[in-house]
Each structure stands twice: as structure tokens, then as C-alpha cells.
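Q: Have a look at this one.
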Amino acid sequence: MYEYKSKTVTSRLLLDSVETSLLVIFILIEAGQFLWPNPQASAPWIWYVINYVENIIVILIVISDDGFKRAIRNALAKPWGRYDGWLFGLITLFSIVWALFGFHVVLNLGREWMIPLIAIPPTFVYPDISHLSVLPWFDITVGLILVAVSEEFVFRAVVFDSLSRRKFSTPAIVILSSIAFGLVHISSGIPHALVTMILGSVFMMVYIRKQSLWSLVLAHYVINLWAYSDYHFN
């Protein structure tokens, strides 16, 4: 009996370590798209193609691993509910308002507290593809859908499943997931990462409450659509 328990514990620890490693790989893939220092200097469309491929890889890994597949199945099992439309609207409205004013809040606090990190410029700027005819439209449809799906799969469903099974408390799950979500966007500047971190914490709290990704994926897409439509076409 003791030997059986020992093997069971060993197997569980091994499985946990594998899932933790895959989770780290997800985050590195998501962050890796920002490691290209100056994509505008070469063919800017190449960065977007690489970004699409990376997001597809993330989604394929998630749906092919048994542990992560279970997390996604649970996150999508609950159908669109009666009040999910209101929830989607509230999340989207809050996110856009926070995106508009959050940067000013973060920058003002940084100046007031004399935090030098706030002044560090972004290390990455999205390549300008406004001169291209098809790619901007493809990016705000298929591209942004891939982003919304892959990031919600990883930073909400998978992170929650992995941390909750390890008996992390709800506040710890919210904090750790929001930090990971913010770090993925840190190359766009510290203020952007902090604003994104707050949005990530709100999204995770909604997910913990609802246990459904439908409204979050849709809100994530609409928020990005609002931001990138302006960037690509103006």
C-alpha cells in the first residue's frame, strides 16, 4: 500500500512538473513575439505571420494535452447564459475606459512617486502595415481572434486550472495570473504592462466567478479590435 501511494505521489509530481513546463513554454511563446527589436526595418508583414503561427501553436498545444484539454473543456462547457451579454458589455466598457485613463493614472503616479521604471520607453512597436491592402483586415479579424482565444485559454483557463489544483488561494491565483499577463506585454512599456495587469486581474476574477470563457474571449477580441482598428487604419 505504501509503495502504491509513493508511486501515485511520484506520478502526480511528475505530471505537475510537465504541465508547469508547458505553461512556461506558453508564456515564452506569447512573449517571444516581442523579442524582435525592429520588425519595421525589414518586411513588417513577416512579424504578423510569425505572430499568427505562434498563437496557433499555443492553441494546438492546449487542445492536444490531456490536462489542458480538460481545463478548456470545463471553461467552454457552460453555454452563453442569460446575463452573459450584459457581462460582456460591462467588461468591454470597463476595459476600454481603463485603457484610456489607466495610462494617465500610472504615469501620474510614477511621476509623483518618482519611479524611474515608468519612464523606460517601450522596447517594441507594432509594425505599421496600414499601407498594405489585405493584411490589416486579416489582422483585425483572424489575427485578433487567434490572440483572444490563445491568451484566454492560457492566462485564464489553464492558469486557473493549474493553480487551483495546487491549492492556491483565489487571491493568489488572481495576482499570479495578472502578473504573468502583464509580463507578456512588458515590451510595450511598463505603463502598458501595469494597465494590462489590472485588466488581467479583472478578467480572472470574472472567470473564477463564471467558470466560462465565452464572454471573456469576445470581450478580449472587441477590446483589441477597438485598439488595433485605430492603429491600422488611422
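Chain lettering (A, B, ...) mirrors the order of the C-alpha cells, residue numbering begins at 1 for each chain separately, and ligand numbering begins at 1 in order of display.
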With stretch 68-80 of chain A as the partner and 12 Å as the cut-off, tabulate the residues of stretch 95-157 of chain A that qualify, each row holding the nearest pair of atoms and their distance in Å to one decimal, using only C-alpha atoms, sorted by chain and rising number, as a tab-separated table.
A:
```
residue	atom	partner	partner_atom	distance
A:Val149	CA	A:Ile72	CA	10.7
A:Ser150	CA	A:Ile72	CA	10.9
A:Glu152	CA	A:Ile72	CA	9.7
A:Phe153	CA	A:Ile72	CA	6.7
A:Val154	CA	A:Phe68	CA	8.9
A:Phe155	CA	A:Ile72	CA	11.4
A:Arg156	CA	A:Ala75	CA	9.0
A:Ala157	CA	A:Ala71	CA	5.8
```
Q: For the interface of stretch 143-213 of chain A with stretch 224-233 of chain A (cut-off 10 Å, counting only C-alpha atoms), please tabulate each contacting residue of stretch 143-213 of chain A alongside its nearest pair of atoms and their separation in Å to one decimal, rows sorted by chain and increasing number, as CSV.
A:
```
residue,atom,partner,partner_atom,distance
A:Leu144,CA,A:Asn224,CA,6.8
A:Ile145,CA,A:Asn224,CA,9.2
A:Val147,CA,A:Asn224,CA,8.8
A:Ala148,CA,A:Asn224,CA,8.2
```
